[in-house]
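Asker: This one is model.txt, compact mmCIF, C-alpha atoms.
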# COMPACT_ATOMS: atom_id res chain seq x y z
CA MET A 1319 -8.55 12.62 -79.80
CA LYS A 1320 -11.12 11.70 -77.20
CA VAL A 1321 -14.58 10.52 -78.26
CA VAL A 1322 -17.61 10.76 -75.98
CA ASP A 1323 -21.39 10.66 -76.24
CA LEU A 1324 -21.84 14.16 -74.89
CA VAL A 1325 -19.64 17.22 -74.61
CA ILE A 1326 -20.81 19.94 -72.23
CA ILE A 1327 -19.23 23.37 -72.40
CA GLY A 1328 -19.67 25.37 -69.22
CA GLY A 1329 -19.59 23.96 -65.68
CA GLY A 1330 -22.09 26.16 -63.90
CA PRO A 1331 -25.33 24.85 -62.37
CA ALA A 1332 -26.78 23.99 -65.80
CA GLY A 1333 -23.68 22.20 -67.08
CA ILE A 1334 -23.15 20.28 -63.83
CA THR A 1335 -26.78 19.14 -63.79
CA ALA A 1336 -26.72 18.15 -67.45
CA ALA A 1337 -23.52 16.14 -66.90
CA THR A 1338 -25.02 14.41 -63.86
CA GLU A 1339 -28.23 13.43 -65.63
CA ALA A 1340 -26.45 12.21 -68.78
CA ALA A 1341 -23.96 10.16 -66.76
CA ARG A 1342 -26.80 8.65 -64.71
CA MET A 1343 -28.36 7.44 -67.93
CA GLY A 1344 -25.12 5.81 -69.00
CA ALA A 1345 -23.71 8.35 -71.42
CA SER A 1346 -19.99 9.10 -71.54
CA VAL A 1347 -19.59 12.77 -70.76
CA ALA A 1348 -16.87 15.41 -71.09
CA LEU A 1349 -17.47 18.56 -69.03
CA ILE A 1350 -15.36 21.60 -69.86
CA ASP A 1351 -14.96 24.82 -67.90
CA GLU A 1352 -12.51 27.68 -68.18
CA ASN A 1353 -12.25 28.22 -64.43
CA GLU A 1354 -10.29 26.33 -61.79
CA ASN A 1355 -13.45 25.14 -60.08
CA LEU A 1356 -16.90 24.09 -61.14
CA GLY A 1357 -19.81 26.35 -60.28
CA GLY A 1358 -19.48 29.24 -62.68
CA LYS A 1359 -20.55 32.67 -61.58
CA VAL A 1360 -23.69 31.49 -59.78
CA PHE A 1361 -21.93 28.98 -57.53
CA GLY A 1362 -18.62 30.79 -57.37
CA PRO A 1363 -15.97 30.18 -54.73
CA THR A 1364 -17.41 32.40 -52.03
CA GLY A 1365 -21.12 31.95 -52.55
CA SER A 1366 -23.87 34.41 -51.94
CA VAL A 1367 -23.87 38.13 -51.47
CA ILE A 1368 -25.47 38.48 -48.07
CA LYS A 1369 -24.36 35.82 -45.61
CA GLY A 1370 -27.30 34.28 -43.79
CA SER A 1371 -29.93 35.89 -46.01
CA ALA A 1372 -32.79 33.91 -47.53
CA SER A 1373 -31.13 33.96 -50.97
CA ASP A 1374 -27.86 32.82 -49.38
CA LYS A 1375 -29.56 29.79 -47.81
CA ILE A 1376 -31.37 28.85 -51.01
CA GLU A 1377 -28.17 29.16 -53.02
CA LYS A 1378 -26.09 27.14 -50.56
CA ASN A 1379 -28.65 24.32 -50.36
CA LEU A 1380 -28.99 24.18 -54.11
CA ARG A 1381 -25.25 24.15 -54.55
CA ARG A 1382 -24.78 21.38 -52.00
CA GLN A 1383 -27.48 19.22 -53.62
CA ILE A 1384 -26.24 19.72 -57.19
CA LEU A 1385 -22.63 18.93 -56.27
CA LYS A 1386 -23.66 15.92 -54.19
CA ASP A 1387 -25.53 14.45 -57.15
CA PHE A 1388 -22.59 15.24 -59.40
CA ASP A 1389 -20.10 13.53 -57.06
CA ARG A 1390 -22.09 10.28 -57.20
CA VAL A 1391 -21.45 9.92 -60.95
CA LYS A 1392 -18.19 11.86 -61.14
CA ASN A 1393 -16.15 8.80 -62.12
CA LYS A 1394 -18.16 8.57 -65.33
CA ILE A 1395 -17.46 12.17 -66.30
CA SER A 1396 -14.23 13.44 -67.85
CA LEU A 1397 -13.67 16.82 -66.30
CA TYR A 1398 -11.60 19.50 -68.03
CA LEU A 1399 -11.06 22.51 -65.79
CA ASN A 1400 -8.88 25.50 -66.62
CA THR A 1401 -9.76 24.72 -70.21
CA GLU A 1402 -11.12 27.01 -72.90
CA VAL A 1403 -12.93 26.02 -76.07
CA TRP A 1404 -11.58 27.97 -79.00
CA ASP A 1405 -13.44 26.35 -81.86
CA ILE A 1406 -16.15 23.83 -82.66
CA VAL A 1407 -15.79 22.09 -86.04
CA ASP A 1408 -18.80 20.57 -87.83
CA GLN A 1409 -20.88 20.82 -84.64
CA ARG A 1410 -19.00 17.81 -83.28
CA LEU A 1411 -15.31 18.39 -82.81
CA VAL A 1412 -14.46 20.62 -79.86
CA LEU A 1413 -11.00 22.18 -79.86
CA LEU A 1414 -9.55 22.91 -76.44
CA TYR A 1415 -6.89 25.10 -74.96
CA SER A 1416 -5.64 24.08 -71.54
CA LYS A 1417 -4.59 27.05 -69.42
CA SER A 1418 -2.63 25.06 -66.85
CA GLY A 1419 -0.07 22.31 -67.07
CA SER A 1420 -1.87 20.23 -64.49
CA ALA A 1421 -5.03 19.93 -66.57
CA GLN A 1422 -5.51 16.89 -68.74
CA GLN A 1423 -3.62 17.35 -71.96
CA VAL A 1424 -6.39 16.60 -74.41
CA ASN A 1425 -6.81 19.18 -77.12
CA ARG A 1426 -9.64 17.66 -79.15
CA ILE A 1427 -12.86 16.01 -78.06
CA LYS A 1428 -15.44 14.60 -80.41
CA GLY A 1429 -18.96 14.41 -79.07
CA ASP A 1430 -22.03 12.80 -80.52
CA LYS A 1431 -24.02 15.60 -78.92
CA LEU A 1432 -23.04 18.98 -77.61
CA ILE A 1433 -24.52 21.13 -74.86
CA ILE A 1434 -23.44 24.73 -74.61
CA SER A 1435 -24.19 25.98 -71.11
CA VAL A 1436 -21.96 28.99 -70.88
CA GLY A 1437 -24.37 31.19 -68.96
CA ALA A 1438 -25.82 34.57 -69.69
CA PHE A 1439 -24.71 38.15 -69.80
CA GLU A 1440 -26.48 41.46 -69.75
CA LYS A 1441 -27.69 43.28 -72.79
CA ALA A 1442 -25.30 46.20 -72.67
CA ILE A 1443 -27.02 49.46 -73.51
CA PRO A 1444 -24.53 52.16 -74.49
CA PHE A 1445 -24.99 55.66 -73.10
CA PRO A 1446 -22.62 58.62 -72.90
CA GLY A 1447 -19.95 57.74 -70.35
CA TRP A 1448 -20.66 54.03 -70.21
CA THR A 1449 -17.05 53.17 -71.03
CA LEU A 1450 -15.66 55.06 -68.06
CA PRO A 1451 -13.88 52.97 -65.43
CA GLY A 1452 -16.34 52.60 -62.57
CA VAL A 1453 -19.28 51.66 -64.81
CA PHE A 1454 -20.06 47.97 -64.38
CA SER A 1455 -22.56 45.55 -65.76
CA VAL A 1456 -24.77 44.25 -62.98
CA GLY A 1457 -23.31 40.76 -63.38
CA GLY A 1458 -19.80 42.18 -63.09
CA LEU A 1459 -20.70 44.11 -59.97
CA ASN A 1460 -22.42 41.05 -58.52
CA THR A 1461 -19.33 38.92 -59.11
CA LEU A 1462 -17.15 41.47 -57.35
CA VAL A 1463 -19.48 41.88 -54.39
CA LYS A 1464 -19.67 38.10 -54.00
CA LYS A 1465 -15.89 38.10 -53.63
CA GLY A 1466 -16.17 40.75 -50.93
CA ILE A 1467 -15.06 43.65 -53.09
CA LEU A 1468 -17.06 46.84 -53.23
CA PRO A 1469 -15.60 48.93 -56.06
CA GLY A 1470 -16.86 52.26 -54.77
CA LYS A 1471 -18.80 53.99 -52.02
CA ARG A 1472 -21.90 55.39 -53.73
CA PHE A 1473 -23.77 53.56 -56.48
CA LEU A 1474 -26.35 54.42 -59.07
CA LEU A 1475 -28.15 51.26 -60.11
CA ALA A 1476 -29.94 51.46 -63.46
CA GLY A 1477 -32.78 48.96 -63.79
CA SER A 1478 -35.03 47.09 -61.40
CA GLY A 1479 -33.89 43.52 -62.03
CA LEU A 1480 -31.31 44.02 -59.33
CA LYS A 1481 -32.88 44.23 -55.93
CA ARG A 1482 -31.51 46.77 -53.53
CA GLU A 1483 -30.20 44.06 -51.17
CA PHE A 1484 -27.68 42.85 -53.74
CA CYS A 1485 -25.62 45.97 -53.30
CA PRO A 1486 -24.38 46.52 -49.78
CA GLY A 1487 -22.94 49.91 -50.70
CA ASN A 1488 -24.73 53.23 -50.55
CA VAL A 1489 -27.19 53.31 -53.46
CA PHE A 1490 -28.12 56.93 -53.90
CA CYS A 1491 -30.25 56.56 -56.99
CA LEU A 1492 -32.16 53.74 -58.66
CA PRO A 1493 -33.61 54.89 -61.99
CA GLU A 1494 -36.22 52.58 -63.51
CA ALA A 1495 -38.17 52.71 -66.78
CA VAL A 1496 -41.12 50.73 -65.45
CA PRO A 1497 -43.74 52.89 -63.65
CA CYS A 1498 -43.69 52.66 -59.85
CA SER A 1499 -47.13 51.05 -59.69
CA LEU A 1500 -45.97 48.18 -61.89
CA TYR A 1501 -42.50 47.97 -60.35
CA TRP A 1502 -43.72 46.72 -56.99
CA GLN A 1503 -45.85 44.08 -58.69
CA ILE A 1504 -42.87 42.82 -60.65
CA ILE A 1505 -40.48 42.43 -57.75
CA MET B 25 -10.96 37.36 -46.08
CA ASP B 26 -8.09 35.52 -44.46
CA SER B 27 -5.30 38.02 -43.87
CA GLU B 28 -2.70 35.23 -43.79
CA ASN B 29 -3.16 34.64 -47.49
CA LYS B 30 -2.11 38.13 -48.52
CA PHE B 31 0.76 38.66 -50.92
CA GLU B 32 2.35 41.45 -52.92
CA ILE B 33 1.87 42.14 -56.59
CA GLU B 34 3.43 44.92 -58.68
CA VAL B 35 1.26 47.32 -60.64
CA ASN B 36 3.05 49.84 -62.84
CA GLY B 37 6.02 49.64 -60.48
CA LYS B 38 3.96 50.06 -57.32
CA ILE B 39 3.41 47.29 -54.79
CA ILE B 40 -0.13 46.46 -53.72
CA LEU B 41 -1.57 43.62 -51.64
CA ALA B 42 -3.72 40.87 -53.09
CA HIS B 43 -5.49 37.92 -51.48
CA SER B 44 -5.17 34.38 -52.73
CA GLY B 45 -8.22 33.50 -54.80
CA GLN B 46 -8.58 37.05 -56.08
CA THR B 47 -8.35 37.81 -59.75
CA ILE B 48 -5.95 40.58 -60.74
CA ALA B 49 -8.93 42.84 -61.51
CA GLU B 50 -10.40 42.20 -58.07
CA ALA B 51 -7.09 42.98 -56.38
CA LEU B 52 -6.78 46.23 -58.35
CA LEU B 53 -10.35 47.31 -57.54
CA ALA B 54 -9.89 46.41 -53.88
CA ASN B 55 -6.95 48.83 -53.93
CA GLY B 56 -9.03 51.57 -55.55
CA LEU B 57 -7.47 51.19 -59.00
CA ARG B 58 -10.18 51.43 -61.66
CA GLY B 59 -8.53 52.66 -64.86
CA LEU B 60 -6.80 49.56 -66.21
CA ARG B 61 -6.22 50.29 -69.88
CA MET B 62 -5.94 53.15 -72.37
CA THR B 63 -7.50 53.17 -75.82
CA ARG B 64 -5.77 54.62 -78.87
CA LYS B 65 -7.66 57.85 -78.26
CA GLN B 66 -6.29 57.97 -74.71
CA SER B 67 -9.60 57.13 -73.15
CA PRO B 68 -9.39 55.01 -69.98
CA ARG B 69 -11.14 51.65 -69.61
CA GLY B 70 -11.80 49.47 -66.59
CA VAL B 71 -13.58 46.30 -65.53
CA TYR B 72 -17.04 46.19 -67.07
CA CYS B 73 -18.43 42.64 -67.36
CA GLY B 74 -16.23 40.88 -64.80
CA MET B 75 -16.58 37.58 -66.64
CA GLY B 76 -14.20 37.66 -69.56
CA ILE B 77 -16.45 38.69 -72.40
CA CYS B 78 -15.98 42.45 -72.83
CA TYR B 79 -12.15 42.46 -72.95
CA GLU B 80 -11.99 45.95 -71.43
CA CYS B 81 -9.76 44.95 -68.50
CA ARG B 82 -6.81 43.76 -70.57
CA MET B 83 -3.35 44.44 -69.14
CA ILE B 84 0.20 43.21 -69.53
CA VAL B 85 0.80 40.42 -67.01
CA ASN B 86 4.36 39.15 -66.57
CA GLY B 87 5.22 40.45 -70.04
CA ILE B 88 2.20 38.94 -71.80
CA PRO B 89 -0.10 41.59 -73.31
CA ASN B 90 -3.91 41.47 -73.63
CA VAL B 91 -4.46 39.34 -70.54
CA ARG B 92 -8.01 39.59 -69.23
CA THR B 93 -7.34 40.56 -65.62
CA CYS B 94 -10.90 39.64 -64.55
CA MET B 95 -10.23 36.03 -65.57
CA THR B 96 -6.66 35.72 -64.29
CA LEU B 97 -5.83 34.94 -60.69
CA ALA B 98 -3.28 37.13 -58.96
CA THR B 99 -0.12 35.24 -58.06
CA PRO B 100 2.60 36.31 -55.60
CA GLY B 101 5.03 38.73 -57.23
CA CYS B 102 3.23 39.00 -60.56
CA LYS B 103 4.02 42.15 -62.52
CA ILE B 104 1.16 44.04 -64.12
CA THR B 105 1.37 47.05 -66.40
CA THR B 106 -1.05 49.24 -68.27
CA GLN B 107 -1.21 48.82 -72.02
CA ASP B 108 -2.64 50.65 -75.01
CA ASP B 109 -4.91 49.01 -77.58
CA SER B 110 -2.10 47.30 -79.43
CA GLY B 111 -0.75 45.69 -76.28
CA ILE B 112 2.21 48.01 -75.98
CA MET B 113 3.28 49.14 -72.55
CA LEU B 114 2.43 52.77 -71.84
CA GLU B 115 4.95 55.27 -70.54
CA LYS B 116 4.14 56.20 -67.00
Once more with this new file: its structure as structure tokens, please.
Answerer:
Amino acid sequence: MKVVDLVIIGGGPAGITAATEAARMGASVALIDENENLGGKVFGPTGSVIKGSASDKIEKNLRRQILKDFDRVKNKISLYLNTEVWDIVDQRLVLLYSKSGSAQQVNRIKGDKLIISVGAFEKAIPFPGWTLPGVFSVGGLNTLVKKGILPGKRFLLAGSGLKREFCPGNVFCLPEAVPCSLYWQII
Amino acid sequence: MDSENKFEIEVNGKIILAHSGQTIAEALLANGLRGLRMTRKQSPRGVYCGMGICYECRMIVNGIPNVRTCMTLATPGCKITTQDDSGIMLEK
């Protein structure tokens, strides 16, 4: 069993930053992520939706900076990629499942402190037909589009949180509960 | 995407092309395949969350049932089949 000061579950922007800061301050850190690479869904392998857009530039700069800072203290951080957490015992003992043979074969890590930075997901609101193939959560659609996959030709986007520019397909309808007058103030 | 990194995968006996770095779900959607699974009541399910939490995109991958295809990278020659809720392969 490995013992560290801090165990961080989830290697997206939050987890990477937390690991960097803790390592800078001298803590021993274990950073765990289920994917092959750090970055999570925000800093995924292919980056932003619209190449060259303002959001693309912001995301790329942020990613570069965060990873640069991380690289400086990387030798102080035990990194477990391709690794899933399947239980946490007594808020301290983290049980791991390694999905690939090449990953470090540690199956238990004890941490003095624990940070869970596994990201967010949408509040799924059921409606008739929501289970049909072709209905996606916005995060799911975003992940696909970031990988260059458009799973359809015409889209109905429900909700205003997603700006039109995030979907390069043909959006034929964008229903929104917030009144129009407020909508433009919000975005 | 780089066309040199294309390879074949088998879906219910049919060959489709996938790119390296694509998950199985992404490869299927890129080929227009949306219905990935059948429930006990014979209702189709597809990718919903795309990040491994909804478990709707489960398929049989190389003989292993209940694999989340949105979290599993496609590999050259991998065999994927549709399953029902209990993980049993469905008759085509």
Asker: Counting all atoms listed in the file, which residues from chain A have an atom at most 6 Å from any atom of chain B, and could you show them as number ranges by chain?
Answerer: A: 1450-1451, 1454-1455, 1458, 1467, 1469
Asker: Dump as a short mmCIF file (atom, residue, chain, number, x, y, z; two decimals) with C-alpha atoms, keeping the file's coordinate frame all residues having an atom at most 12 Å from (0.9, 49.3, -53.7), computed in the file's coordinates with all atoms listed in the file.
Answerer:
data_model
loop_
_atom_site.label_atom_id
_atom_site.label_comp_id
_atom_site.auth_asym_id
_atom_site.auth_seq_id
_atom_site.Cartn_x
_atom_site.Cartn_y
_atom_site.Cartn_z
CA PHE B 31 0.76 38.66 -50.92
CA GLU B 32 2.35 41.45 -52.92
CA ILE B 33 1.87 42.14 -56.59
CA GLU B 34 3.43 44.92 -58.68
CA VAL B 35 1.26 47.32 -60.64
CA ASN B 36 3.05 49.84 -62.84
CA GLY B 37 6.02 49.64 -60.48
CA LYS B 38 3.96 50.06 -57.32
CA ILE B 39 3.41 47.29 -54.79
CA ILE B 40 -0.13 46.46 -53.72
CA LEU B 41 -1.57 43.62 -51.64
CA ALA B 42 -3.72 40.87 -53.09
CA ALA B 51 -7.09 42.98 -56.38
CA LEU B 52 -6.78 46.23 -58.35
CA ALA B 54 -9.89 46.41 -53.88
CA ASN B 55 -6.95 48.83 -53.93
CA GLY B 56 -9.03 51.57 -55.55
CA LEU B 57 -7.47 51.19 -59.00
CA GLY B 101 5.03 38.73 -57.23
CA LYS B 103 4.02 42.15 -62.52
CA ILE B 104 1.16 44.04 -64.12
#
Asker: Dig up all the protein and nucleic acid residues within 10 Å of (-3.5, 52.6, -76.7) in the file frame, using all atoms listed in the file, and format them as a VMD selection string.
Answerer: chain B and resid 61 to 68 106 to 114
Asker: Need to verify the contact set: Ile1433 in chain A, 12 Å, only C-alpha atoms, exclusion of same-chain residues closer than 2 positions in sequence. Can you return it as a list in words?
Answerer: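 So the residues in contact are Asp1323, Leu1324, Val1325, Ile1326, Ile1327, Gly1328, Gly1329, Ala1332, Gly1333, Ile1334, Thr1335, Ala1336, Ala1337, Ala1340, Val1347, Ala1348, Leu1349, Ile1350, Ile1406, Gln1409, Arg1410, Val1412, Gly1429, Asp1430, Lys1431, Ser1435, Val1436 and Gly1437 of chain A.
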Asker: Please measure the separation of CA of Phe1445 in chain A and CA of Leu1475 in chain A, giving the value in Å to one decimal.
Answerer: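 Those two atoms sit 14.1 Å apart.
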Asker: Looking at all atoms listed in the file, which of A:Ala1341, A:Met1319, A:Leu1356, A:Lys1464 is the one that sits closest to Asn1393 in chain A?
Answerer: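 Smallest distance to Asn1393 in chain A is found for A:Ala1341.
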Asker: Out of A:Val1322, A:Ile1395, A:Thr1449, A:Asp1387, which residue has the shortest atom-to-atom distance to Leu1432 in chain A when counting all atoms listed in the file?
Answerer: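 When distances to Leu1432 in chain A are compared using all atoms listed in the file, the smallest one comes from A:Val1322.
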Asker: At what distance in Å, to one decimal, does CA of Asn1425 in chain A lie from CA of Val1407 in chain A?
Answerer: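 Interatomic distance here is 13.0 Å.
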Asker: Taking into account all atoms listed in the file, which residue in the set A:Gly1344, A:Ala1442, A:Asn1355, A:Gly1362 is nearest to Leu1462 in chain A?
Answerer: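 Smallest separation from Leu1462 in chain A among the options: A:Gly1362.
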Asker: Report the distance between CA of Val85 in chain B and CA of Tyr1398 in chain A in Å, rounded to one decimal place.
Answerer: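 If I compute the distance from CA of Val85 in chain B to CA of Tyr1398 in chain A, I get 24.3 Å.
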Asker: Leaving out Leu1413 in chain A and any residue of its chain fewer than 3 positions from it, which residues lie within 9 Å of it when counting all atoms listed in the file, given as a ChimeraX atom specification?
Answerer: /A:1402-1407,1425-1428
Asker: Since we have the selection now, will you write its residues out, keeping C-alpha atoms, as a short mmCIF file (atom, residue, chain, number, x, y, z; two decimals), in the frame of the given file?
Answerer:
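Final output, saved to part_39.cif:
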data_model
loop_
_atom_site.label_atom_id
_atom_site.label_comp_id
_atom_site.auth_asym_id
_atom_site.auth_seq_id
_atom_site.Cartn_x
_atom_site.Cartn_y
_atom_site.Cartn_z
CA GLU A 1402 -11.12 27.01 -72.90
CA VAL A 1403 -12.93 26.02 -76.07
CA TRP A 1404 -11.58 27.97 -79.00
CA ASP A 1405 -13.44 26.35 -81.86
CA ILE A 1406 -16.15 23.83 -82.66
CA VAL A 1407 -15.79 22.09 -86.04
CA ASN A 1425 -6.81 19.18 -77.12
CA ARG A 1426 -9.64 17.66 -79.15
CA ILE A 1427 -12.86 16.01 -78.06
CA LYS A 1428 -15.44 14.60 -80.41
#
Asker: Since the input is missing atoms, can you rebuild N, CA and C atoms for range 81-106 of chain B and write them as a PDB file, in the frame of the given file?
Answerer:
ATOM      1  N   CYS B  81     -10.702  44.914 -69.632  1.00  0.00           N
ATOM      2  CA  CYS B  81      -9.760  44.950 -68.500  1.00  0.00           C
ATOM      3  C   CYS B  81      -8.392  44.375 -68.867  1.00  0.00           C
ATOM      4  N   ARG B  82      -8.077  44.367 -70.161  1.00  0.00           N
ATOM      5  CA  ARG B  82      -6.810  43.760 -70.570  1.00  0.00           C
ATOM      6  C   ARG B  82      -5.600  44.551 -70.062  1.00  0.00           C
ATOM      7  N   MET B  83      -4.602  43.816 -69.577  1.00  0.00           N
ATOM      8  CA  MET B  83      -3.350  44.440 -69.140  1.00  0.00           C
ATOM      9  C   MET B  83      -2.190  43.529 -69.536  1.00  0.00           C
ATOM     10  N   ILE B  84      -0.981  44.044 -69.299  1.00  0.00           N
ATOM     11  CA  ILE B  84       0.200  43.210 -69.530  1.00  0.00           C
ATOM     12  C   ILE B  84       0.538  42.510 -68.223  1.00  0.00           C
ATOM     13  N   VAL B  85       0.523  41.184 -68.222  1.00  0.00           N
ATOM     14  CA  VAL B  85       0.800  40.420 -67.010  1.00  0.00           C
ATOM     15  C   VAL B  85       2.052  39.570 -67.239  1.00  0.00           C
ATOM     16  N   ASN B  86       3.067  39.840 -66.435  1.00  0.00           N
ATOM     17  CA  ASN B  86       4.360  39.150 -66.570  1.00  0.00           C
ATOM     18  C   ASN B  86       4.846  39.145 -68.020  1.00  0.00           C
ATOM     19  N   GLY B  87       4.693  40.297 -68.676  1.00  0.00           N
ATOM     20  CA  GLY B  87       5.220  40.450 -70.040  1.00  0.00           C
ATOM     21  C   GLY B  87       4.261  40.019 -71.132  1.00  0.00           C
ATOM     22  N   ILE B  88       3.149  39.383 -70.778  1.00  0.00           N
ATOM     23  CA  ILE B  88       2.200  38.940 -71.800  1.00  0.00           C
ATOM     24  C   ILE B  88       1.086  39.977 -71.938  1.00  0.00           C
ATOM     25  N   PRO B  89       0.939  40.564 -73.143  1.00  0.00           N
ATOM     26  CA  PRO B  89      -0.100  41.590 -73.310  1.00  0.00           C
ATOM     27  C   PRO B  89      -1.497  40.982 -73.488  1.00  0.00           C
ATOM     28  N   ASN B  90      -2.511  41.844 -73.367  1.00  0.00           N
ATOM     29  CA  ASN B  90      -3.910  41.470 -73.630  1.00  0.00           C
ATOM     30  C   ASN B  90      -4.422  40.351 -72.743  1.00  0.00           C
ATOM     31  N   VAL B  91      -3.956  40.320 -71.500  1.00  0.00           N
ATOM     32  CA  VAL B  91      -4.460  39.340 -70.540  1.00  0.00           C
ATOM     33  C   VAL B  91      -5.708  39.907 -69.880  1.00  0.00           C
ATOM     34  N   ARG B  92      -6.783  39.136 -69.893  1.00  0.00           N
ATOM     35  CA  ARG B  92      -8.010  39.590 -69.230  1.00  0.00           C
ATOM     36  C   ARG B  92      -7.817  39.471 -67.720  1.00  0.00           C
ATOM     37  N   THR B  93      -7.676  40.608 -67.055  1.00  0.00           N
ATOM     38  CA  THR B  93      -7.340  40.560 -65.620  1.00  0.00           C
ATOM     39  C   THR B  93      -8.514  40.047 -64.784  1.00  0.00           C
ATOM     40  N   CYS B  94      -9.747  40.136 -65.323  1.00  0.00           N
ATOM     41  CA  CYS B  94     -10.900  39.640 -64.550  1.00  0.00           C
ATOM     42  C   CYS B  94     -10.969  38.125 -64.570  1.00  0.00           C
ATOM     43  N   MET B  95     -10.194  37.490 -65.455  1.00  0.00           N
ATOM     44  CA  MET B  95     -10.230  36.030 -65.570  1.00  0.00           C
ATOM     45  C   MET B  95      -8.923  35.400 -65.099  1.00  0.00           C
ATOM     46  N   THR B  96      -7.991  36.226 -64.620  1.00  0.00           N
ATOM     47  CA  THR B  96      -6.660  35.720 -64.290  1.00  0.00           C
ATOM     48  C   THR B  96      -6.400  35.912 -62.804  1.00  0.00           C
ATOM     49  N   LEU B  97      -6.089  34.834 -62.122  1.00  0.00           N
ATOM     50  CA  LEU B  97      -5.830  34.940 -60.690  1.00  0.00           C
ATOM     51  C   LEU B  97      -4.522  35.665 -60.435  1.00  0.00           C
ATOM     52  N   ALA B  98      -4.513  36.484 -59.397  1.00  0.00           N
ATOM     53  CA  ALA B  98      -3.280  37.130 -58.960  1.00  0.00           C
ATOM     54  C   ALA B  98      -2.368  36.072 -58.341  1.00  0.00           C
ATOM     55  N   THR B  99      -1.082  36.161 -58.650  1.00  0.00           N
ATOM     56  CA  THR B  99      -0.120  35.240 -58.060  1.00  0.00           C
ATOM     57  C   THR B  99       0.978  36.062 -57.389  1.00  0.00           C
ATOM     58  N   PRO B 100       1.592  35.531 -56.317  1.00  0.00           N
ATOM     59  CA  PRO B 100       2.600  36.310 -55.600  1.00  0.00           C
ATOM     60  C   PRO B 100       3.693  36.826 -56.549  1.00  0.00           C
ATOM     61  N   GLY B 101       3.949  38.125 -56.461  1.00  0.00           N
ATOM     62  CA  GLY B 101       5.030  38.730 -57.230  1.00  0.00           C
ATOM     63  C   GLY B 101       4.727  38.997 -58.687  1.00  0.00           C
ATOM     64  N   CYS B 102       3.490  38.776 -59.134  1.00  0.00           N
ATOM     65  CA  CYS B 102       3.230  39.000 -60.560  1.00  0.00           C
ATOM     66  C   CYS B 102       3.318  40.505 -60.874  1.00  0.00           C
ATOM     67  N   LYS B 103       3.788  40.770 -62.086  1.00  0.00           N
ATOM     68  CA  LYS B 103       4.020  42.150 -62.520  1.00  0.00           C
ATOM     69  C   LYS B 103       2.972  42.545 -63.551  1.00  0.00           C
ATOM     70  N   ILE B 104       2.272  43.631 -63.263  1.00  0.00           N
ATOM     71  CA  ILE B 104       1.160  44.040 -64.120  1.00  0.00           C
ATOM     72  C   ILE B 104       1.408  45.473 -64.583  1.00  0.00           C
ATOM     73  N   THR B 105       1.215  45.692 -65.883  1.00  0.00           N
ATOM     74  CA  THR B 105       1.370  47.050 -66.400  1.00  0.00           C
ATOM     75  C   THR B 105       0.234  47.406 -67.332  1.00  0.00           C
ATOM     76  N   THR B 106      -0.009  48.719 -67.407  1.00  0.00           N
ATOM     77  CA  THR B 106      -1.050  49.240 -68.270  1.00  0.00           C
ATOM     78  C   THR B 106      -0.602  49.150 -69.728  1.00  0.00           C
TER      79      THR B 106
END
